[in-house]
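*Asks:* Just so it is clear, I am handing over structure_30.txt, which has compact mmCIF, C-alpha atoms.
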```txt
# COMPACT_ATOMS: atom_id res chain seq x y z
CA MET A 1 106.92 112.60 238.86
CA SER A 2 108.60 115.71 237.59
CA GLU A 3 107.02 117.77 234.83
CA ALA A 4 110.12 117.37 232.64
CA ILE A 5 110.04 113.56 232.70
CA ILE A 6 106.30 113.51 231.99
CA ASN A 7 106.68 115.81 229.01
CA GLY A 8 109.68 113.81 227.83
CA LEU A 9 107.58 110.64 227.84
CA TYR A 10 104.77 112.42 225.98
CA ILE A 11 107.30 113.52 223.34
CA ILE A 12 108.51 109.93 222.95
CA SER A 13 104.95 108.73 222.47
CA ALA A 14 104.35 111.47 219.88
CA ILE A 15 107.47 110.31 217.99
CA PHE A 16 106.07 106.76 217.96
CA PHE A 17 102.82 108.09 216.48
CA VAL A 18 104.69 109.94 213.73
CA PHE A 19 106.74 106.90 212.74
CA GLY A 20 103.72 104.63 213.09
CA LEU A 21 101.65 106.76 210.73
CA LYS A 22 104.48 107.00 208.23
CA MET A 23 104.96 103.22 208.22
CA LEU A 24 101.21 102.59 207.93
CA GLY A 25 101.34 104.17 204.49
CA LYS A 26 103.88 101.64 203.18
CA ALA A 27 102.73 98.14 202.26
CA ASP A 28 105.74 96.25 203.63
CA GLN A 29 105.89 98.12 206.95
CA ALA A 30 102.23 98.79 207.65
CA ARG A 31 101.66 96.07 210.23
CA LYS A 32 104.80 97.01 212.14
CA GLY A 33 103.74 100.65 211.89
CA ASN A 34 100.47 99.89 213.61
CA LEU A 35 102.41 98.18 216.41
CA VAL A 36 104.78 101.16 216.74
CA SER A 37 101.83 103.50 217.10
CA ALA A 38 100.22 101.15 219.66
CA VAL A 39 103.42 101.26 221.74
CA GLY A 40 103.25 105.06 221.57
CA MET A 41 99.70 104.89 222.89
CA LEU A 42 100.75 102.60 225.73
CA ILE A 43 103.51 105.01 226.74
CA ALA A 44 101.04 107.92 226.70
CA ILE A 45 98.48 106.05 228.80
CA VAL A 46 101.02 104.85 231.39
CA THR A 47 102.47 108.35 231.60
CA ALA A 48 99.01 109.82 232.19
CA LEU A 49 98.38 107.23 234.91
CA VAL A 50 101.60 107.90 236.80
CA SER A 51 101.69 111.67 236.22
CA GLN A 52 99.04 112.39 238.86
CA SER A 53 99.36 111.46 242.49
CA VAL A 54 95.64 111.56 243.18
CA LEU A 55 93.51 109.54 240.80
CA GLU A 56 90.08 107.99 240.94
CA TRP A 57 91.82 104.65 240.39
CA GLN A 58 88.85 102.36 240.70
CA TRP A 59 86.81 104.31 238.13
CA ILE A 60 89.67 104.51 235.67
CA ALA A 61 90.22 100.76 236.06
CA ILE A 62 86.53 100.01 235.52
CA GLY A 63 86.39 102.22 232.42
CA MET A 64 89.56 100.81 230.92
CA ILE A 65 88.82 97.15 231.62
CA ALA A 66 85.24 97.39 230.33
CA GLY A 67 86.40 99.37 227.28
CA SER A 68 89.19 96.91 226.53
CA ILE A 69 86.83 93.94 226.70
CA VAL A 70 84.23 95.57 224.45
CA GLY A 71 86.86 96.85 221.99
CA ALA A 72 88.74 93.56 221.82
CA MET A 73 85.59 91.47 221.41
CA ALA A 74 84.25 93.75 218.68
CA ALA A 75 87.57 93.77 216.81
CA ARG A 76 87.98 90.00 217.05
CA LEU A 77 84.43 88.92 216.28
CA VAL A 78 83.66 91.28 213.43
CA ALA A 79 83.46 89.65 209.99
CA MET A 80 86.22 90.59 207.55
CA THR A 81 83.70 92.31 205.29
CA ALA A 82 82.26 94.36 208.13
CA MET A 83 85.53 96.00 209.16
CA PRO A 84 84.94 99.48 207.64
CA GLU A 85 81.74 99.92 209.63
CA MET A 86 83.56 98.72 212.75
CA VAL A 87 86.09 101.50 212.18
CA ALA A 88 83.17 103.94 211.89
CA ILE A 89 81.73 102.96 215.23
CA PHE A 90 85.12 102.99 217.01
CA ASN A 91 85.63 106.45 215.58
CA GLY A 92 82.24 107.51 216.91
CA PHE A 93 83.23 106.38 220.40
CA GLY A 94 86.42 108.45 220.15
CA GLY A 95 84.29 111.49 219.32
CA ALA A 96 81.97 110.75 222.23
CA ALA A 97 84.95 110.50 224.59
CA SER A 98 86.17 113.95 223.51
CA LEU A 99 82.70 115.37 224.01
CA LEU A 100 82.67 113.96 227.56
CA VAL A 101 86.11 115.40 228.35
CA GLY A 102 84.85 118.84 227.29
CA TRP A 103 81.63 118.42 229.25
CA SER A 104 83.52 117.26 232.32
CA GLU A 105 85.71 120.36 232.20
CA TYR A 106 82.63 122.60 231.95
CA HIS A 107 81.11 120.67 234.85
CA ARG A 108 84.19 121.43 236.93
CA TYR A 109 83.63 125.15 236.36
CA THR A 110 80.07 124.85 237.64
CA VAL A 111 81.04 122.76 240.69
CA THR A 112 83.76 125.20 241.70
CA ASN A 113 81.60 128.22 240.81
CA THR A 114 84.24 129.60 238.47
CA TYR A 115 82.21 129.63 235.25
CA MET A 116 81.64 133.39 235.32
CA ASP A 117 85.35 134.07 235.94
CA ALA A 118 86.68 131.65 233.30
CA ASP A 119 88.35 133.24 230.31
CA VAL A 120 86.36 133.40 227.09
CA LEU A 121 88.86 131.44 225.01
CA SER A 122 88.80 128.44 227.37
CA LEU A 123 85.01 128.38 227.26
CA LEU A 124 84.94 128.59 223.46
CA ILE A 125 87.39 125.69 223.22
CA ILE A 126 85.19 123.64 225.54
CA ILE A 127 82.18 124.29 223.30
CA LEU A 128 84.28 123.48 220.21
CA THR A 129 85.34 120.14 221.74
CA ILE A 130 81.74 119.31 222.59
CA VAL A 131 80.44 120.24 219.14
CA ILE A 132 83.09 118.41 217.07
CA GLY A 133 82.91 115.40 219.39
CA GLY A 134 79.12 115.25 219.28
CA ALA A 135 78.85 115.65 215.50
CA THR A 136 81.58 113.01 214.99
CA PHE A 137 79.74 110.64 217.31
CA THR A 138 76.35 110.71 215.59
CA GLY A 139 77.83 111.12 212.10
CA SER A 140 79.89 107.96 212.65
CA LEU A 141 76.86 106.11 213.95
CA VAL A 142 74.92 107.01 210.79
CA ALA A 143 77.88 105.91 208.63
CA TRP A 144 77.96 102.63 210.56
CA GLY A 145 74.20 102.20 210.10
CA LYS A 146 74.41 102.82 206.37
CA LEU A 147 77.30 100.40 205.84
CA SER A 148 75.82 97.65 207.98
CA GLY A 149 72.42 97.95 206.33
CA LYS A 150 70.68 99.03 209.54
CA LEU A 151 69.83 102.27 207.78
CA PRO A 152 68.90 102.63 204.09
CA SER A 153 72.22 103.04 202.32
CA LYS A 154 70.94 105.28 199.57
CA ALA A 155 71.29 109.04 199.86
CA ILE A 156 68.35 110.35 201.85
CA GLN A 157 67.31 113.74 200.60
CA TYR A 158 64.59 116.08 201.71
CA PRO A 159 63.62 119.61 200.71
CA GLY A 160 65.39 122.41 202.55
CA GLN A 161 68.34 120.21 203.50
CA GLN A 162 70.87 122.96 203.00
CA PHE A 163 68.73 125.36 205.01
CA VAL A 164 68.49 122.92 207.92
CA ASN A 165 72.27 122.44 208.04
CA VAL A 166 72.95 126.18 207.89
CA LEU A 167 70.35 126.72 210.62
CA LEU A 168 72.00 124.11 212.87
CA VAL A 169 75.44 125.66 212.40
CA ALA A 170 73.96 129.10 213.14
CA LEU A 171 72.37 127.73 216.32
CA ILE A 172 75.73 126.32 217.41
CA ILE A 173 77.53 129.60 216.74
CA GLY A 174 74.80 131.45 218.62
CA SER A 175 74.99 129.20 221.65
CA ALA A 176 78.81 129.36 221.63
CA ALA A 177 78.53 133.15 221.72
CA LEU A 178 76.04 132.96 224.60
CA PHE A 179 78.21 130.42 226.42
CA GLY A 180 81.43 132.41 226.11
CA PRO A 181 81.57 136.16 225.43
CA LEU A 182 77.89 136.94 226.17
CA ARG A 183 77.47 134.78 229.27
CA GLU A 184 76.58 137.79 231.45
CA SER A 185 73.37 138.23 229.44
CA LEU A 186 72.43 134.54 229.56
CA SER A 187 69.00 134.33 231.18
CA ILE A 188 68.75 130.52 231.40
CA ASP A 189 70.95 128.13 233.36
CA SER A 190 74.21 127.65 231.46
CA TYR A 191 73.86 123.88 231.95
CA LEU A 192 70.68 123.91 229.85
CA LEU A 193 72.55 125.76 227.13
CA VAL A 194 75.34 123.18 227.14
CA ILE A 195 72.90 120.26 226.95
CA ALA A 196 71.03 121.99 224.12
CA THR A 197 74.30 122.56 222.25
CA ILE A 198 75.24 118.89 222.63
CA LEU A 199 71.85 117.90 221.18
CA VAL A 200 72.17 120.31 218.24
CA ALA A 201 75.71 119.04 217.50
CA CYS A 202 74.41 115.46 217.54
CA ILE A 203 71.60 116.38 215.14
CA LEU A 204 74.11 118.12 212.86
CA GLY A 205 76.19 114.94 212.68
CA ILE A 206 73.10 113.06 211.48
CA THR A 207 71.93 115.64 208.93
CA PHE A 208 75.48 115.94 207.60
CA VAL A 209 75.88 112.23 206.80
CA ILE A 210 72.32 111.15 206.02
CA PRO A 211 72.22 112.72 202.50
CA ILE A 212 75.39 110.86 201.43
CA GLY A 213 75.05 107.51 199.67
CA GLY A 214 76.40 104.27 201.13
CA GLY A 215 79.02 103.90 198.40
CA ASP A 216 80.69 107.10 199.52
CA MET A 217 80.79 106.08 203.18
CA PRO A 218 84.52 105.14 203.25
CA VAL A 219 85.37 108.71 202.28
CA VAL A 220 82.94 110.03 204.89
CA ILE A 221 84.42 107.77 207.59
CA SER A 222 87.88 109.02 206.69
CA LEU A 223 86.65 112.60 207.03
CA LEU A 224 84.93 111.83 210.35
CA ASN A 225 88.17 110.20 211.49
CA SER A 226 89.91 113.47 210.75
CA PHE A 227 87.21 115.28 212.78
CA SER A 228 87.71 112.98 215.76
CA GLY A 229 91.41 113.86 215.61
CA MET A 230 90.47 117.53 215.73
CA ALA A 231 88.10 116.81 218.64
CA ALA A 232 90.96 115.13 220.54
CA CYS A 233 93.16 118.10 219.69
CA ALA A 234 90.55 120.54 221.02
CA ALA A 235 90.22 118.41 224.16
CA GLY A 236 94.01 118.77 224.47
CA PHE A 237 93.61 122.55 224.59
CA VAL A 238 90.86 122.21 227.19
CA ILE A 239 93.17 120.39 229.59
CA SER A 240 96.45 121.95 228.29
CA ASN A 241 98.00 118.64 227.31
CA ASN A 242 100.69 118.43 224.63
CA VAL A 243 100.32 114.82 223.57
CA LEU A 244 96.59 115.20 222.90
CA ILE A 245 97.26 118.26 220.78
CA VAL A 246 100.08 116.63 218.78
CA ALA A 247 98.36 113.28 218.20
CA GLY A 248 95.01 114.94 217.52
CA ALA A 249 96.54 117.37 215.02
CA LEU A 250 98.44 114.52 213.30
CA VAL A 251 95.23 112.55 212.82
CA GLY A 252 93.26 115.67 211.90
CA SER A 253 95.60 116.79 209.14
CA SER A 254 96.72 113.39 207.82
CA GLY A 255 93.03 112.41 207.80
CA ILE A 256 92.23 115.31 205.48
CA ILE A 257 95.01 114.25 203.09
CA LEU A 258 93.88 110.61 203.15
CA THR A 259 90.28 111.68 202.51
CA ASN A 260 91.50 113.64 199.50
CA ILE A 261 93.54 110.69 198.20
CA MET A 262 90.53 108.39 198.58
CA CYS A 263 88.36 110.84 196.64
CA LYS A 264 90.94 111.06 193.87
CA SER A 265 91.17 107.29 193.55
CA MET A 266 87.39 107.27 193.05
CA ASN A 267 87.82 110.09 190.53
CA ARG A 268 85.61 112.40 192.57
CA LYS A 269 85.97 115.70 194.33
CA LEU A 270 85.37 115.87 198.08
CA THR A 271 82.78 118.63 197.67
CA ASN A 272 81.04 116.42 195.13
CA VAL A 273 80.91 113.52 197.59
CA LEU A 274 79.66 115.65 200.46
CA PHE A 275 77.21 117.89 198.68
CA SER A 276 76.08 115.94 195.64
CA GLY A 277 72.90 115.24 197.60
CA PHE A 278 72.10 118.94 197.38
CA GLY A 279 70.53 120.68 194.43
CA ALA A 280 70.62 118.75 191.18
CA SER A 281 69.41 115.16 191.42
CA LYS A 282 72.41 113.40 189.96
CA SER A 283 75.48 115.18 188.64
CA SER A 284 78.45 112.94 189.20
CA ALA A 285 80.99 115.05 187.35
CA GLY A 286 84.43 113.47 187.42
CA GLY A 287 87.12 115.36 189.31
CA MET B 1 101.63 128.57 227.70
CA GLY B 2 98.61 129.01 225.42
CA MET B 3 100.71 130.40 222.59
CA MET B 4 103.14 127.53 222.97
CA LEU B 5 100.29 125.05 222.50
CA VAL B 6 99.12 126.85 219.34
CA PHE B 7 102.69 126.61 218.06
CA VAL B 8 102.67 122.86 218.73
CA LEU B 9 99.28 122.54 217.00
CA ILE B 10 100.47 124.27 213.83
CA LEU B 11 103.71 122.28 213.55
CA ALA B 12 101.94 118.97 214.21
CA SER B 13 99.30 119.79 211.60
CA PHE B 14 101.93 120.45 208.95
CA LEU B 15 103.70 117.26 209.91
CA GLY B 16 100.44 115.36 209.47
CA PHE B 17 100.00 116.84 205.99
CA GLU B 18 103.52 115.77 205.02
CA LEU B 19 103.33 112.24 206.47
CA ILE B 20 100.75 110.98 204.03
CA SER B 21 101.76 111.18 200.43
CA LYS B 22 101.49 108.21 198.11
CA VAL B 23 99.47 105.48 199.73
CA PRO B 24 98.71 102.29 197.78
CA ALA B 25 94.95 101.86 197.36
CA GLN B 26 94.73 98.64 199.39
CA LEU B 27 96.19 100.50 202.38
CA HIS B 28 93.57 103.28 202.44
CA THR B 29 91.26 101.48 204.86
CA PRO B 30 94.00 100.16 207.22
CA LEU B 31 95.61 103.61 207.31
CA MET B 32 92.25 105.18 208.15
CA SER B 33 91.69 102.55 210.81
CA GLY B 34 95.19 102.95 212.26
CA SER B 35 94.94 106.72 212.49
CA ASN B 36 91.50 106.31 214.01
CA ALA B 37 93.13 104.31 216.80
CA ILE B 38 95.54 107.21 217.37
CA SER B 39 92.62 109.61 217.74
CA GLY B 40 91.74 107.50 220.79
CA ILE B 41 94.55 109.48 222.47
CA THR B 42 91.68 111.36 224.04
CA VAL B 43 91.85 108.51 226.58
CA VAL B 44 94.71 110.48 228.17
CA GLY B 45 92.37 113.45 228.56
CA ALA B 46 89.73 111.13 229.99
CA ILE B 47 92.17 109.68 232.54
CA LEU B 48 93.32 113.15 233.57
CA SER B 49 89.72 114.28 233.98
CA LEU B 50 89.51 111.67 236.77
CA SER B 51 92.67 112.93 238.45
CA GLY B 52 93.16 115.00 241.57
CA ALA B 53 93.68 118.18 239.63
CA PHE B 54 90.21 117.96 238.17
CA VAL B 55 87.95 115.97 240.47
CA VAL B 56 86.43 118.17 243.13
CA SER B 57 85.80 116.16 246.31
CA SER B 58 84.60 113.05 244.45
CA ASP B 59 81.75 114.82 242.69
CA THR B 60 79.40 112.15 241.30
CA MET B 61 78.77 113.80 237.94
CA THR B 62 82.52 114.26 237.30
CA ILE B 63 83.06 110.58 238.01
CA ILE B 64 80.22 109.51 235.70
CA LEU B 65 81.45 111.71 232.85
CA GLY B 66 85.07 110.69 233.38
CA THR B 67 84.40 106.96 233.64
CA LEU B 68 82.20 107.00 230.53
CA SER B 69 84.82 108.89 228.55
CA VAL B 70 87.58 106.49 229.67
CA PHE B 71 85.30 103.62 228.60
CA PHE B 72 84.52 105.05 225.15
CA ALA B 73 88.09 106.13 224.44
CA THR B 74 89.46 102.71 225.47
CA ILE B 75 87.07 101.00 223.04
CA ASN B 76 88.43 103.31 220.35
CA VAL B 77 92.06 102.55 221.24
CA VAL B 78 91.91 98.79 221.84
CA GLY B 79 89.36 98.04 219.11
CA GLY B 80 91.08 100.39 216.67
CA TYR B 81 94.55 98.84 216.98
CA MET B 82 93.25 95.28 216.97
CA VAL B 83 91.00 95.68 213.94
CA THR B 84 93.82 97.42 212.04
CA ASP B 85 96.18 94.57 212.86
CA ARG B 86 93.61 92.07 211.64
CA MET B 87 93.17 93.93 208.36
CA LEU B 88 96.92 94.11 207.80
CA SER B 89 97.47 90.46 208.68
CA MET B 90 95.43 89.58 205.60
CA PHE B 91 97.94 91.30 203.32
CA ASN B 92 100.94 89.45 204.71
CA THR B 93 99.65 86.03 203.66
CA GLY B 94 99.20 87.06 200.02
CA LYS B 95 102.47 89.02 199.83
CA LYS B 96 101.45 90.93 196.74
CA GLU B 97 103.50 93.56 194.96
CA ASP B 98 102.19 96.96 195.93
CA HIS B 99 100.85 98.81 192.97
CA VAL B 100 100.41 102.52 193.53
CA SER B 101 97.07 103.65 192.26
```
Would you mind writing the file's structure down as structure tokens?

*Replies:*
Amino acid sequence: MSEAIINGLYIISAIFFVFGLKMLGKADQARKGNLVSAVGMLIAIVTALVSQSVLEWQWIAIGMIAGSIVGAMAARLVAMTAMPEMVAIFNGFGGAASLLVGWSEYHRYTVTNTYMDADVLSLLIIILTIVIGGATFTGSLVAWGKLSGKLPSKAIQYPGQQFVNVLLVALIIGSAALFGPLRESLSIDSYLLVIATILVACILGITFVIPIGGGDMPVVISLLNSFSGMAACAAGFVISNNVLIVAGALVGSSGIILTNIMCKSMNRKLTNVLFSGFGASKSSAGG
Amino acid sequence: MGMMLVFVLILASFLGFELISKVPAQLHTPLMSGSNAISGITVVGAILSLSGAFVVSSDTMTIILGTLSVFFATINVVGGYMVTDRMLSMFNTGKKEDHVS
């Protein structure tokens, strides 16, 4: 299929996402809005399937059929009261998928022996996709655990929390630097570095959410939802795909606004929700 | 090409900021859930990672990573849209006036 038609279809699907999101915010149109956005998704998926002449059809079919069954069963069987935590775990899977897309792209560089020749920006975007995706994955799992009572829902605090988080972020920045601009001086196998970065990102997701109390989880899930949008957006840059960038950016930015609105309706500030676990024991100053 | 994509990113981000303004409180969770389903768009990336342009002579690891990511992203998409629809179907029966919080 020609490039122009493919991009045209991607634009149509992006338009469906925009209208879908807009309608989801209005009580009388919300259900239709969700349907509109689902049609947009269908268009995007079909376009992706027909845009390439050579596809690993059987593997795509296996992944999609298995994913559809699991997703549909989970959505149908979940109790009404357990829906927010279901959203958290779906969101985590979205983050994991972005992580895997980034990883797969890095893997392609190693298979074709082009890692050393790749441009720095592409490599940094791959690492960014992996990090946001990984942190979203484990962060969402913790949020799910807290809401479903599998983990203690109260804020878990330990001494040096802030230090640990800063250290993890510093490790990630360091490994991104080693992976991209400083890769000539890398003395270990780059694959080890990537695996280590994935692990650190996953740990960061846990340490980020664990100090937040169960009552604040809806806000945290909304924020993680925004992150998974950004992860999809970054994955879009990795494979130079417009529809991933547009849809990811839409979710990323609208997610931030929604998170803010949710905080306001609880009369809190976002920083207060995220960091109230730090420092003083209990200072729930109203926003 | 790269610059063009950054351009697209910036415009789409601003659009996202503008799309969400006043949302009635009872729609916060469905809206979050619905936009979560959209973030499953990464399924397109996952599908393309299993396409001819990316798979090098049926490399096993590429296939494992690609299939897993298609699987996870599809759960996000299918589950996300269905659970959102279920949430919203509850509102329709009551047919309440929407009070903006």

*Asks:* Select, from B:Asn36, B:Gln26, B:Ser69, B:Thr60, the residue with the minimum atom-to-atom distance to Val101 (chain A), counting all atoms listed in the file.

*Replies:* B:Ser69

*Asks:* Check every residue of chain B for an atom within 7 Å of chain A, counting only C-alpha atoms, and provide those that qualify as a compact mmCIF listing (two decimals) with C-alpha atoms, in the frame of the given file.

*Replies:*
```txt
# COMPACT_ATOMS: atom_id res chain seq x y z
CA LEU B 5 100.29 125.05 222.50
CA VAL B 8 102.67 122.86 218.73
CA LEU B 9 99.28 122.54 217.00
CA ALA B 12 101.94 118.97 214.21
CA SER B 13 99.30 119.79 211.60
CA LEU B 15 103.70 117.26 209.91
CA GLY B 16 100.44 115.36 209.47
CA PHE B 17 100.00 116.84 205.99
CA LEU B 19 103.33 112.24 206.47
CA ILE B 20 100.75 110.98 204.03
CA VAL B 23 99.47 105.48 199.73
CA LEU B 27 96.19 100.50 202.38
CA LEU B 31 95.61 103.61 207.31
CA MET B 32 92.25 105.18 208.15
CA SER B 33 91.69 102.55 210.81
CA GLY B 34 95.19 102.95 212.26
CA SER B 35 94.94 106.72 212.49
CA ASN B 36 91.50 106.31 214.01
CA ILE B 38 95.54 107.21 217.37
CA SER B 39 92.62 109.61 217.74
CA GLY B 40 91.74 107.50 220.79
CA ILE B 41 94.55 109.48 222.47
CA THR B 42 91.68 111.36 224.04
CA VAL B 44 94.71 110.48 228.17
CA GLY B 45 92.37 113.45 228.56
CA ALA B 46 89.73 111.13 229.99
CA ILE B 47 92.17 109.68 232.54
CA LEU B 48 93.32 113.15 233.57
CA SER B 49 89.72 114.28 233.98
CA LEU B 50 89.51 111.67 236.77
CA SER B 51 92.67 112.93 238.45
CA GLY B 52 93.16 115.00 241.57
CA THR B 62 82.52 114.26 237.30
CA LEU B 65 81.45 111.71 232.85
CA GLY B 66 85.07 110.69 233.38
CA THR B 67 84.40 106.96 233.64
CA LEU B 68 82.20 107.00 230.53
CA SER B 69 84.82 108.89 228.55
CA VAL B 70 87.58 106.49 229.67
CA PHE B 71 85.30 103.62 228.60
CA PHE B 72 84.52 105.05 225.15
CA ALA B 73 88.09 106.13 224.44
CA THR B 74 89.46 102.71 225.47
CA ILE B 75 87.07 101.00 223.04
CA ASN B 76 88.43 103.31 220.35
CA VAL B 78 91.91 98.79 221.84
CA GLY B 79 89.36 98.04 219.11
CA GLY B 80 91.08 100.39 216.67
CA TYR B 81 94.55 98.84 216.98
CA MET B 82 93.25 95.28 216.97
CA VAL B 83 91.00 95.68 213.94
CA ASP B 85 96.18 94.57 212.86
CA LEU B 88 96.92 94.11 207.80
CA ASP B 98 102.19 96.96 195.93
```

*Asks:* Near region 187-195 of chain A, within 12 Å and counting all atoms listed in the file, which residues show up once chain neighbours fewer than 2 positions away are dropped, as a short mmCIF file (atom, residue, chain, number, x, y, z; two decimals) with C-alpha atoms, in the frame of the given file?

*Replies:*
```
data_model
loop_
_atom_site.label_atom_id
_atom_site.label_comp_id
_atom_site.auth_asym_id
_atom_site.auth_seq_id
_atom_site.Cartn_x
_atom_site.Cartn_y
_atom_site.Cartn_z
CA LEU A 99 82.70 115.37 224.01
CA LEU A 100 82.67 113.96 227.56
CA GLY A 102 84.85 118.84 227.29
CA TRP A 103 81.63 118.42 229.25
CA SER A 104 83.52 117.26 232.32
CA GLU A 105 85.71 120.36 232.20
CA TYR A 106 82.63 122.60 231.95
CA HIS A 107 81.11 120.67 234.85
CA ARG A 108 84.19 121.43 236.93
CA TYR A 109 83.63 125.15 236.36
CA THR A 110 80.07 124.85 237.64
CA VAL A 111 81.04 122.76 240.69
CA ASN A 113 81.60 128.22 240.81
CA TYR A 115 82.21 129.63 235.25
CA MET A 116 81.64 133.39 235.32
CA LEU A 123 85.01 128.38 227.26
CA LEU A 124 84.94 128.59 223.46
CA ILE A 126 85.19 123.64 225.54
CA ILE A 127 82.18 124.29 223.30
CA LEU A 128 84.28 123.48 220.21
CA THR A 129 85.34 120.14 221.74
CA ILE A 130 81.74 119.31 222.59
CA VAL A 131 80.44 120.24 219.14
CA GLY A 134 79.12 115.25 219.28
CA LEU A 171 72.37 127.73 216.32
CA ILE A 172 75.73 126.32 217.41
CA GLY A 174 74.80 131.45 218.62
CA SER A 175 74.99 129.20 221.65
CA ALA A 176 78.81 129.36 221.63
CA ALA A 177 78.53 133.15 221.72
CA LEU A 178 76.04 132.96 224.60
CA PHE A 179 78.21 130.42 226.42
CA GLY A 180 81.43 132.41 226.11
CA LEU A 182 77.89 136.94 226.17
CA ARG A 183 77.47 134.78 229.27
CA GLU A 184 76.58 137.79 231.45
CA SER A 185 73.37 138.23 229.44
CA THR A 197 74.30 122.56 222.25
CA ILE A 198 75.24 118.89 222.63
CA LEU A 199 71.85 117.90 221.18
CA VAL A 200 72.17 120.31 218.24
CA ALA A 201 75.71 119.04 217.50
CA CYS A 202 74.41 115.46 217.54
#
```

*Asks:* Taking only C-alpha atoms into account, which of A:Ile156, A:Ala143, A:Ile206, A:Val39 comes nearest Ala37 (chain B)?

*Replies:* A:Val39

*Asks:* Considering only C-alpha atoms, can you say which of B:Leu11, B:Ser89, B:Thr84, B:Val6 comes closest to Thr29 (chain B)?

*Replies:* B:Thr84

*Asks:* Quick one, how far is CA of Pro30 (chain B) from CA of Glu18 (chain B)?

*Replies:* 18.4 Å

*Asks:* Could you tell me how far CA of Lys269 (chain A) lies from CA of Pro211 (chain A), in Å and to one decimal?

*Replies:* 16.3 Å

*Asks:* Ranking A:Leu186, A:Thr136, A:Gly214, A:Gly205 by minimum distance to Gly149 (chain A) and counting only C-alpha atoms, which one comes first?

*Replies:*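 For Gly149 (chain A), the nearest of the candidates is A:Gly214.
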
*Asks:* Measuring between all atoms listed in the file, which one of A:Ala135, A:Val120, A:Val166, A:Met266 shows the shortest distance to Pro181 (chain A)?

*Replies:* A:Val120
